[in-house]
Each structure stands twice: as structure tokens, then as C-alpha cells.
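Undergrad: So that you have it, the file is start-v9.cif, and it contains mmCIF, C-alpha atoms and all ligand atoms:
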data_query
#
loop_
_atom_site.label_atom_id
_atom_site.label_comp_id
_atom_site.auth_asym_id
_atom_site.auth_seq_id
_atom_site.Cartn_x
_atom_site.Cartn_y
_atom_site.Cartn_z
CA MET N 1 17.29 -29.87 -25.44
CA VAL N 2 19.67 -28.14 -23.09
CA LEU N 3 17.36 -25.09 -22.99
CA ASP N 4 14.46 -27.33 -22.01
CA LEU N 5 16.28 -28.84 -19.12
CA TYR N 6 16.32 -25.88 -16.76
CA PRO N 7 12.54 -25.20 -16.49
CA LYS N 8 11.91 -28.93 -16.11
CA ALA N 9 14.46 -29.20 -13.34
CA GLN N 10 12.99 -26.12 -11.69
CA ALA N 11 9.42 -27.55 -11.86
CA TYR N 12 10.67 -30.82 -10.42
CA LEU N 13 12.42 -29.02 -7.58
CA GLN N 14 9.30 -26.92 -6.88
CA SER N 15 7.03 -29.94 -6.60
CA PHE N 16 9.61 -31.64 -4.39
CA VAL N 17 9.74 -28.63 -2.05
CA HIS N 18 5.93 -28.40 -2.16
CA LEU N 19 5.66 -31.96 -0.88
CA PHE N 20 7.37 -31.02 2.37
CA PHE N 21 6.34 -27.36 2.61
CA PRO N 22 2.78 -27.12 1.27
CA HIS N 23 1.74 -23.60 0.27
CA LEU N 24 -1.76 -22.94 1.63
CA CYS N 25 -4.33 -20.20 0.97
CA LEU N 26 -4.39 -17.84 3.99
CA ALA N 27 -8.19 -17.67 3.90
CA CYS N 28 -9.48 -21.18 3.18
CA GLY N 29 -6.45 -23.41 3.60
CA THR N 30 -6.68 -24.79 0.07
CA ASP N 31 -3.42 -26.00 -1.40
CA LEU N 32 -2.21 -23.11 -3.61
CA VAL N 33 -0.81 -23.73 -7.05
CA SER N 34 1.28 -20.57 -7.34
CA ILE N 35 4.03 -19.95 -4.83
CA ASN N 36 3.93 -16.22 -5.69
CA THR N 37 0.72 -15.38 -3.85
CA VAL N 38 -1.08 -16.01 -0.56
CA LEU N 39 -4.73 -16.49 -1.60
CA CYS N 40 -6.37 -18.97 -3.95
CA THR N 41 -8.20 -17.44 -6.94
CA HIS N 42 -11.59 -18.08 -5.35
CA CYS N 43 -10.73 -16.23 -2.11
CA GLU N 44 -9.04 -13.38 -4.02
CA LYS N 45 -12.21 -12.86 -6.09
CA ASN N 46 -14.35 -12.87 -2.95
CA LEU N 47 -12.41 -10.19 -1.07
CA PRO N 48 -14.58 -7.26 0.18
CA PHE N 49 -13.78 -4.84 -2.68
CA THR N 50 -14.93 -1.22 -2.14
CA ASP N 51 -15.29 -0.57 -5.91
CA LEU N 52 -14.74 3.14 -5.16
CA PHE N 53 -11.79 3.95 -7.45
CA ASN N 54 -14.10 5.15 -10.21
CA ILE N 55 -16.51 7.00 -7.91
CA GLU N 56 -16.00 10.76 -7.57
CA ASN N 57 -16.70 12.25 -4.12
CA ASN N 58 -16.72 8.76 -2.60
CA ARG N 59 -16.89 8.27 1.18
CA ILE N 60 -13.12 7.92 1.58
CA GLU N 61 -12.48 11.07 -0.46
CA LYS N 62 -14.88 13.02 1.76
CA ILE N 63 -12.66 12.37 4.81
CA PHE N 64 -10.11 14.76 3.30
CA TRP N 65 -12.48 17.52 2.24
CA GLY N 66 -11.43 20.87 3.66
CA ARG N 67 -8.18 19.38 4.97
CA VAL N 68 -5.83 19.06 2.01
CA PRO N 69 -6.34 19.44 -1.78
CA LEU N 70 -6.36 16.03 -3.48
CA ASN N 71 -7.12 14.77 -6.96
CA ALA N 72 -8.61 11.34 -6.21
CA VAL N 73 -8.74 9.04 -3.16
CA SER N 74 -9.68 5.39 -2.77
CA ALA N 75 -8.89 2.09 -1.07
CA VAL N 76 -9.28 -1.35 -2.61
CA LEU N 77 -10.78 -3.31 0.29
CA PHE N 78 -12.94 -2.76 3.34
CA PHE N 79 -11.05 -3.49 6.57
CA THR N 80 -13.01 -5.14 9.35
CA LYS N 81 -11.85 -6.97 12.48
CA ASP N 82 -11.20 -10.71 12.25
CA SER N 83 -11.50 -10.66 8.45
CA ILE N 84 -9.21 -11.96 5.74
CA VAL N 85 -8.25 -8.31 5.01
CA GLN N 86 -7.00 -8.00 8.59
CA THR N 87 -5.06 -11.24 8.11
CA LEU N 88 -3.41 -9.89 4.94
CA ILE N 89 -2.40 -6.61 6.64
CA PHE N 90 -1.13 -8.43 9.76
CA GLU N 91 0.81 -10.93 7.64
CA LEU N 92 2.52 -8.02 5.89
CA LYS N 93 3.22 -5.89 8.97
CA TYR N 94 3.97 -8.43 11.68
CA HIS N 95 4.92 -11.70 9.93
CA GLN N 96 7.27 -10.24 7.29
CA ASN N 97 5.04 -11.74 4.59
CA LYS N 98 5.93 -9.63 1.56
CA LYS N 99 3.74 -11.76 -0.71
CA ALA N 100 0.66 -10.44 1.15
CA GLY N 101 1.83 -6.87 0.44
CA TRP N 102 2.58 -7.57 -3.21
CA LEU N 103 -0.92 -9.03 -3.60
CA LEU N 104 -2.46 -5.88 -2.05
CA GLY N 105 -0.33 -3.76 -4.39
CA ARG N 106 -1.42 -5.74 -7.45
CA LEU N 107 -5.06 -5.18 -6.43
CA ILE N 108 -4.42 -1.40 -6.21
CA GLY N 109 -2.66 -1.47 -9.60
CA ALA N 110 -5.55 -3.32 -11.24
CA SER N 111 -8.02 -0.78 -9.79
CA ILE N 112 -5.94 2.17 -11.06
CA ILE N 113 -5.87 0.76 -14.59
CA GLU N 114 -9.69 0.80 -14.55
CA ALA N 115 -9.99 4.32 -13.07
CA ASP N 116 -9.27 7.20 -15.48
CA ARG N 117 -9.53 9.86 -12.80
CA PHE N 118 -6.35 8.52 -11.14
CA ASN N 119 -4.35 8.68 -14.37
CA PRO N 120 -1.78 9.56 -15.44
CA ILE N 121 0.53 9.03 -12.46
CA ASP N 122 4.23 9.90 -12.55
CA PHE N 123 5.43 8.66 -9.18
CA LEU N 124 4.33 6.43 -6.32
CA VAL N 125 5.23 7.87 -2.90
CA PRO N 126 5.07 5.32 -0.05
CA ILE N 127 4.14 6.59 3.43
CA PRO N 128 7.38 6.13 5.38
CA ILE N 129 7.75 4.54 8.81
CA SER N 130 10.37 5.43 11.41
CA LYS N 131 13.90 4.08 11.05
CA LYS N 132 13.43 2.14 14.28
CA LYS N 133 10.28 0.42 13.02
CA GLN N 134 11.92 -0.30 9.69
CA ARG N 135 14.83 -1.97 11.48
CA GLN N 136 12.43 -4.11 13.54
CA ARG N 137 10.22 -5.03 10.58
CA GLY N 138 12.97 -5.30 7.98
CA PHE N 139 11.03 -3.17 5.49
CA ASN N 140 8.41 -0.46 5.07
CA GLN N 141 5.05 -2.11 4.31
CA ALA N 142 3.91 0.78 2.08
CA MET N 143 7.04 0.26 -0.05
CA ILE N 144 6.16 -3.43 -0.49
CA ILE N 145 2.63 -2.43 -1.58
CA CYS N 146 4.23 0.00 -4.09
CA GLU N 147 6.33 -2.90 -5.44
CA GLY N 148 3.10 -4.86 -5.93
CA ILE N 149 1.61 -1.93 -7.89
CA LEU N 150 4.71 -2.02 -10.15
CA GLN N 151 4.07 -5.71 -10.88
CA VAL N 152 0.88 -4.53 -12.65
CA LEU N 153 2.08 -1.07 -13.81
CA PRO N 154 5.81 -1.52 -14.51
CA ALA N 155 6.19 1.92 -16.15
CA LEU N 156 5.59 3.71 -12.82
CA LYS N 157 8.44 4.72 -10.51
CA ILE N 158 8.64 4.66 -6.72
CA LEU N 159 9.91 7.87 -5.16
CA PRO N 160 10.57 7.73 -1.41
CA ALA N 161 10.22 11.51 -1.16
CA LEU N 162 8.96 11.61 2.44
CA ILE N 163 11.02 11.06 5.58
CA LYS N 164 9.34 10.14 8.86
CA GLN N 165 10.40 12.42 11.69
CA LYS N 166 11.40 10.98 15.04
CA SER N 167 8.25 10.64 17.12
CA SER N 168 8.11 12.91 20.15
CA ARG N 169 6.78 12.08 23.61
CA SER N 170 3.53 10.20 24.12
CA GLN N 171 0.57 12.13 22.78
CA THR N 172 -1.98 10.86 25.28
CA HIS N 173 -1.94 13.91 27.55
CA LYS N 174 -1.93 16.55 24.85
CA ASP N 175 -5.05 18.21 23.57
CA ARG N 176 -6.33 17.83 20.05
CA ILE N 177 -4.97 21.10 18.64
CA GLN N 178 -1.47 20.34 19.88
CA ARG N 179 -1.72 16.87 18.38
CA GLY N 180 -2.83 18.41 15.09
CA ASP N 181 0.26 20.62 15.05
CA GLN N 182 2.39 17.58 15.70
CA MET N 183 0.80 15.65 12.85
CA ALA N 184 1.87 18.38 10.43
CA GLN N 185 5.46 17.85 11.54
CA LEU N 186 5.32 14.08 11.17
CA PHE N 187 7.04 14.12 7.80
CA GLU N 188 9.87 15.92 6.12
CA LEU N 189 10.33 16.37 2.40
CA ASP N 190 13.45 14.89 0.80
CA LYS N 191 14.41 17.87 -1.30
CA SER N 192 16.78 15.87 -3.51
CA PHE N 193 13.72 14.81 -5.55
CA ASN N 194 12.16 17.25 -8.00
CA LEU N 195 8.39 16.85 -7.62
CA GLY N 196 7.40 20.16 -9.27
CA SER N 197 4.72 19.54 -11.96
CA ALA N 198 4.63 15.78 -11.16
CA LYS N 199 1.47 13.78 -10.56
CA LEU N 200 1.89 11.79 -7.36
CA LEU N 201 0.12 8.81 -5.84
CA LEU N 202 0.56 8.51 -2.08
CA VAL N 203 0.38 4.86 -1.02
CA ASP N 204 -0.45 3.42 2.42
CA ASP N 205 -1.74 0.17 3.89
CA VAL N 206 -4.86 1.30 5.78
CA ILE N 207 -6.91 4.52 5.91
CA THR N 208 -8.65 5.04 9.25
CA THR N 209 -8.94 8.72 10.28
CA GLY N 210 -6.82 9.90 7.36
CA ALA N 211 -4.64 11.99 9.71
CA THR N 212 -1.34 10.39 8.65
CA LEU N 213 -2.13 10.68 4.94
CA GLU N 214 -3.31 14.28 5.42
CA ALA N 215 0.00 15.18 7.07
CA ALA N 216 1.95 13.39 4.31
CA ALA N 217 -0.02 15.12 1.53
CA ALA N 218 0.40 18.52 3.23
CA CYS N 219 4.15 17.90 3.35
CA LEU N 220 4.26 16.92 -0.35
CA CYS N 221 2.36 20.14 -1.21
CA GLN N 222 5.52 22.08 -0.29
CA ALA N 223 7.12 20.68 -3.45
CA GLN N 224 4.23 22.06 -5.55
CA PRO N 225 3.40 18.91 -7.51
CA LYS N 226 0.73 19.11 -10.21
CA ALA N 227 -1.60 16.70 -8.39
CA ILE N 228 -1.69 14.35 -5.41
CA SER N 229 -3.93 11.28 -5.23
CA ILE N 230 -4.13 8.64 -2.51
CA ALA N 231 -4.53 4.87 -2.80
CA ALA N 232 -4.60 2.50 0.16
CA ALA N 233 -4.98 -1.25 0.40
CA ALA N 234 -7.85 -0.99 2.88
CA TYR N 235 -10.31 1.41 4.47
CA THR N 236 -11.47 0.86 8.05
CA LEU N 237 -15.24 0.57 8.31
ZN ZN N 301 -8.75 -19.76 -0.57
#
If you convert what's in this file into C-alpha cells, what do you get?
Ligand SMILES: [Zn+2]

TA:
Amino acid sequence: MVLDLYPKAQAYLQSFVHLFFPHLCLACGTDLVSINTVLCTHCEKNLPFTDLFNIENNRIEKIFWGRVPLNAVSAVLFFTKDSIVQTLIFELKYHQNKKAGWLLGRLIGASIIEADRFNPIDFLVPIPISKKKQRQRGFNQAMIICEGILQVLPALKILPALIKQKSSRSQTHKDRIQRGDQMAQLFELDKSFNLGSAKLLLVDDVITTGATLEAAAACLCQAQPKAISIAAAAYTL
């Protein structure tokens, strides 16, 4: 009897809170049942999935050809302007909505389970942001996405092995080659982690030109891991 009491009290409290703070789907405005997510099941199912995790030599993978050696690359969703995917990414990055990030991470995790070519993975490595940005935002969005992946794949470990270097002066007046050199110096390897012979999954929110991820992967290569793959929440069309 006593054991029964706590969940009942908790359910009662939840419905009481719900009455005054309704929890709505970010896409359609439907009243959500679960307080742990940001989309209703219908809108989650209807997201613009790329379905590329299982496809070798897919269009996202080709971005990195000739730039850095990678095992497998994919993103879960297509990113377009004024879409629900943009809303999810903006919620995570600018409205401190971790639940949006955890949802994106769970979607990556579910895709990885279905894609043999990504497995096995030893460590998730989130793309870091600068200390200044992290202070402003309160967290690193790629880390939140990694936490979402762990909700689906709890045996994996997150290894923050990359450190973002302080950004130098504005890049607008520099030519492309100089910018390229700078990209390579964007990240520093945290040598306290032993990545030798490990299989790594680099995790980011959005892939656009791939320049940031290329620089991060090139930096990780210094540690001579067995393989590096990349998974992002979204790919910009
Ligand atoms: Zn909905």
C-alpha cells in the first residue's frame, strides 16, 4: 500500500501541474501526454527522415571524400528553413530546450541500431563549442544530443576528447586557403584520453559544408583511433 502511494501522488501532481502549464507539441500544438518530449507521436513519425544511415557512399558521406578518412557518415533529418527541424535545432541552441536535443539524440540512436556499418562504437565525441558560448548557452548542444543517444544506447560512453580553440579575428577578409589553415587549428586534442584503437562517433547538430566536422575528425586522427564515423541530427539541403 505504502509503495503504491508514491506513483499515485506523482501522477496526481503531474496532472495538477499540467492543468496550469499545458505541455504542447512544438509542431502541431496538440496537448502532449509525455512531459519528456517535445513532439507528439504523429509529428515525430512525420519528420523529414533522410534514411541514409544504411546507405554506403550517401550524399552526406561524399562531402568528406578526399578530405578526411571516415568510416560512415549520416544525419537523421533534412534541415530546411522554416521547418519543424529548424524549430527543434533553434529550441535546443537558443531556448535552452534540452528535451529537443534529447529527442534528436534518440533519433540518432535509433538509426544507429538499424545501421550495421556504424557499429560497433566505443565512444561518442561531441563537437565542442567555445567556453564563452557554453557560458552563454549553459551547455554544449552536441553534448545534449549525445545524452539523447545514450537514452537509446546506454552502453555507449561520451568522451569530450576535443577542445575548441579560442576563435581568432574575423575571417571575412581572409582568403580561402588561410581560412582552411585556420579550420585545422579549430580544435585541440585532450591527450588525457586514450583513443588509440577506439572506434569513435563524432556527434554534431547540423552538417552544412562539413568544414567543422572535417577539422574535428582531422584533429581526432592524431590520436590514431581505429575508425571515425560522423552522425548529425540534421543535414542542410
Ligand atoms: Zn504534433

Undergrad: Can you tell me, as a PDB file with C-alpha atoms, in the frame of the given file, what residues are no more than 6 Å from Ala231 in chain N when counting only C-alpha atoms, ignoring any on the same chain fewer than 5 positions away?

TA:
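Result went into selection_8.pdb, see below:
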ATOM      1  CA  VAL N  73      -8.740   9.040  -3.160  1.00  0.00           C
ATOM      2  CA  SER N  74      -9.680   5.390  -2.770  1.00  0.00           C
ATOM      3  CA  ALA N  75      -8.890   2.090  -1.070  1.00  0.00           C
ATOM      4  CA  VAL N 203       0.380   4.860  -1.020  1.00  0.00           C
TER       5      VAL N 203
END

Undergrad: Dump the neighbourhood of ligand ZN 301 (chain N) as a PyMOL selection string: all residues within 7 Å, distances computed on only C-alpha atoms and all ligand atoms.

TA: chain N and resi 25-30+39-43

Undergrad: Would you list the residues near (12.7, -9.1, 12.7) (no more than 9 Å away, in the coordinates of the file, using only C-alpha atoms) as a JSON list (two decimals) with C-alpha atoms, keeping the file's coordinate frame?

TA:
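Below is the file result-v2.json, written as the result:
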[["chain", "number", "residue", "atom", "x", "y", "z"],
["N", 94, "TYR", "CA", 3.97, -8.43, 11.68],
["N", 95, "HIS", "CA", 4.92, -11.70, 9.93],
["N", 96, "GLN", "CA", 7.27, -10.24, 7.29],
["N", 135, "ARG", "CA", 14.83, -1.97, 11.48],
["N", 136, "GLN", "CA", 12.43, -4.11, 13.54],
["N", 137, "ARG", "CA", 10.22, -5.03, 10.58],
["N", 138, "GLY", "CA", 12.97, -5.30, 7.98]]

Undergrad: What separation in Å, quoted to one decimal, exists between CA of Gly148 in chain N and CA of Leu103 in chain N?

TA: 6.2 Å

Undergrad: Between N:Gln222, N:Asn71, N:Asn36, N:Thr209, which residue has the minimum interatomic distance to Leu195 in chain N, considering all atoms listed in the file?

TA: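 Between N:Gln222, N:Asn71, N:Asn36, N:Thr209, the residue approaching Leu195 in chain N most closely is N:Gln222.
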
Undergrad: Using only C-alpha atoms, find the one residue out of N:Thr208, N:Gln224, N:Asn46, N:Thr80 that sits nearest to Ile60 in chain N.

TA: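 Residue with the minimum atom-to-atom distance to Ile60 in chain N: N:Thr208.
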
Undergrad: What would the list of residues within 12 Å of (-11.6, -7.1, 9.4) (file frame) look like as a ChimeraX atom specification, if only C-alpha atoms are what count?

TA: /N:47-48,77-90,206,234-237

Undergrad: To one decimal in Å, tell me the separation between CA of Ala100 in chain N and CA of Lys166 in chain N.

TA: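 Computing the Euclidean distance for CA of Ala100 in chain N and CA of Lys166 in chain N yields 27.7 Å.
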
Undergrad: Can you work out the spacing between CA of Ala110 in chain N and CA of Arg59 in chain N in Å, to one decimal?

TA: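 Distance reported for this atom pair: 20.4 Å.
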
Undergrad: Could you give me, as a compact mmCIF listing (two decimals) with C-alpha atoms, keeping the file's coordinate frame, the residues within 8 Å of Leu156 in chain N, counting only C-alpha atoms and dropping anything in the same chain fewer than 3 positions from it?

TA:
# COMPACT_ATOMS: atom_id res chain seq x y z
CA ILE N 121 0.53 9.03 -12.46
CA ASP N 122 4.23 9.90 -12.55
CA PHE N 123 5.43 8.66 -9.18
CA LEU N 124 4.33 6.43 -6.32
CA LEU N 150 4.71 -2.02 -10.15
CA LEU N 153 2.08 -1.07 -13.81

Undergrad: Hey, which of N:Ile144, N:Ala161, N:Lys62, N:Glu214 ends up closest to Phe193 in chain N? Count all atoms listed in the file.

TA: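 Once distances to Phe193 in chain N are computed over all atoms listed in the file, the minimum belongs to N:Ala161.
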
Undergrad: Tell me which of N:Ile207, N:Leu200, N:Leu159, N:Ile55 sits closest to Glu114 in chain N, counting all atoms listed in the file.

TA: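 Nearest candidate to Glu114 in chain N out of N:Ile207, N:Leu200, N:Leu159, N:Ile55: N:Ile55.
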
Undergrad: Model the absent atoms of range 51-71 of chain N so that N, CA and C atoms are present, and write the result as a PDB file, keeping the file's coordinate frame.

TA:
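Done, and the output landed in rebuild_30.pdb:
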ATOM      1  N   ASP N  51     -14.857  -1.045  -4.576  1.00  0.00           N
ATOM      2  CA  ASP N  51     -15.290  -0.570  -5.910  1.00  0.00           C
ATOM      3  C   ASP N  51     -15.465   0.949  -5.936  1.00  0.00           C
ATOM      4  N   LEU N  52     -14.590   1.679  -5.245  1.00  0.00           N
ATOM      5  CA  LEU N  52     -14.740   3.140  -5.160  1.00  0.00           C
ATOM      6  C   LEU N  52     -13.756   3.918  -6.031  1.00  0.00           C
ATOM      7  N   PHE N  53     -12.821   3.226  -6.693  1.00  0.00           N
ATOM      8  CA  PHE N  53     -11.790   3.950  -7.450  1.00  0.00           C
ATOM      9  C   PHE N  53     -12.391   4.845  -8.538  1.00  0.00           C
ATOM     10  N   ASN N  54     -13.486   4.389  -9.120  1.00  0.00           N
ATOM     11  CA  ASN N  54     -14.100   5.150 -10.210  1.00  0.00           C
ATOM     12  C   ASN N  54     -15.150   6.151  -9.738  1.00  0.00           C
ATOM     13  N   ILE N  55     -15.416   6.170  -8.421  1.00  0.00           N
ATOM     14  CA  ILE N  55     -16.510   7.000  -7.910  1.00  0.00           C
ATOM     15  C   ILE N  55     -15.974   8.337  -7.388  1.00  0.00           C
ATOM     16  N   GLU N  56     -16.380   9.424  -8.033  1.00  0.00           N
ATOM     17  CA  GLU N  56     -16.000  10.760  -7.570  1.00  0.00           C
ATOM     18  C   GLU N  56     -16.729  11.073  -6.271  1.00  0.00           C
ATOM     19  N   ASN N  57     -16.100  11.853  -5.411  1.00  0.00           N
ATOM     20  CA  ASN N  57     -16.700  12.250  -4.120  1.00  0.00           C
ATOM     21  C   ASN N  57     -17.126  11.032  -3.294  1.00  0.00           C
ATOM     22  N   ASN N  58     -16.364   9.955  -3.376  1.00  0.00           N
ATOM     23  CA  ASN N  58     -16.720   8.760  -2.600  1.00  0.00           C
ATOM     24  C   ASN N  58     -16.472   8.992  -1.097  1.00  0.00           C
ATOM     25  N   ARG N  59     -16.937   8.076  -0.283  1.00  0.00           N
ATOM     26  CA  ARG N  59     -16.890   8.270   1.180  1.00  0.00           C
ATOM     27  C   ARG N  59     -15.485   8.407   1.740  1.00  0.00           C
ATOM     28  N   ILE N  60     -14.503   7.800   1.080  1.00  0.00           N
ATOM     29  CA  ILE N  60     -13.120   7.920   1.580  1.00  0.00           C
ATOM     30  C   ILE N  60     -12.568   9.297   1.201  1.00  0.00           C
ATOM     31  N   GLU N  61     -12.926   9.751   0.003  1.00  0.00           N
ATOM     32  CA  GLU N  61     -12.480  11.070  -0.460  1.00  0.00           C
ATOM     33  C   GLU N  61     -13.005  12.166   0.475  1.00  0.00           C
ATOM     34  N   LYS N  62     -14.236  11.995   0.926  1.00  0.00           N
ATOM     35  CA  LYS N  62     -14.880  13.020   1.760  1.00  0.00           C
ATOM     36  C   LYS N  62     -14.152  13.243   3.088  1.00  0.00           C
ATOM     37  N   ILE N  63     -13.432  12.222   3.556  1.00  0.00           N
ATOM     38  CA  ILE N  63     -12.660  12.370   4.810  1.00  0.00           C
ATOM     39  C   ILE N  63     -11.695  13.550   4.698  1.00  0.00           C
ATOM     40  N   PHE N  64     -11.180  13.763   3.480  1.00  0.00           N
ATOM     41  CA  PHE N  64     -10.110  14.760   3.300  1.00  0.00           C
ATOM     42  C   PHE N  64     -10.621  16.127   2.876  1.00  0.00           C
ATOM     43  N   TRP N  65     -11.910  16.233   2.678  1.00  0.00           N
ATOM     44  CA  TRP N  65     -12.480  17.520   2.240  1.00  0.00           C
ATOM     45  C   TRP N  65     -12.174  18.601   3.265  1.00  0.00           C
ATOM     46  N   GLY N  66     -11.723  19.739   2.774  1.00  0.00           N
ATOM     47  CA  GLY N  66     -11.430  20.870   3.660  1.00  0.00           C
ATOM     48  C   GLY N  66     -10.143  20.702   4.445  1.00  0.00           C
ATOM     49  N   ARG N  67      -9.423  19.621   4.215  1.00  0.00           N
ATOM     50  CA  ARG N  67      -8.180  19.380   4.970  1.00  0.00           C
ATOM     51  C   ARG N  67      -6.953  19.551   4.084  1.00  0.00           C
ATOM     52  N   VAL N  68      -6.993  18.966   2.908  1.00  0.00           N
ATOM     53  CA  VAL N  68      -5.830  19.060   2.010  1.00  0.00           C
ATOM     54  C   VAL N  68      -6.338  18.820   0.569  1.00  0.00           C
ATOM     55  N   PRO N  69      -5.841  19.609  -0.407  1.00  0.00           N
ATOM     56  CA  PRO N  69      -6.340  19.440  -1.780  1.00  0.00           C
ATOM     57  C   PRO N  69      -5.822  18.163  -2.442  1.00  0.00           C
ATOM     58  N   LEU N  70      -6.742  17.303  -2.866  1.00  0.00           N
ATOM     59  CA  LEU N  70      -6.360  16.030  -3.480  1.00  0.00           C
ATOM     60  C   LEU N  70      -7.107  15.824  -4.783  1.00  0.00           C
ATOM     61  N   ASN N  71      -6.492  15.068  -5.677  1.00  0.00           N
ATOM     62  CA  ASN N  71      -7.120  14.770  -6.960  1.00  0.00           C
ATOM     63  C   ASN N  71      -8.147  13.644  -6.833  1.00  0.00           C
TER      64      ASN N  71
END
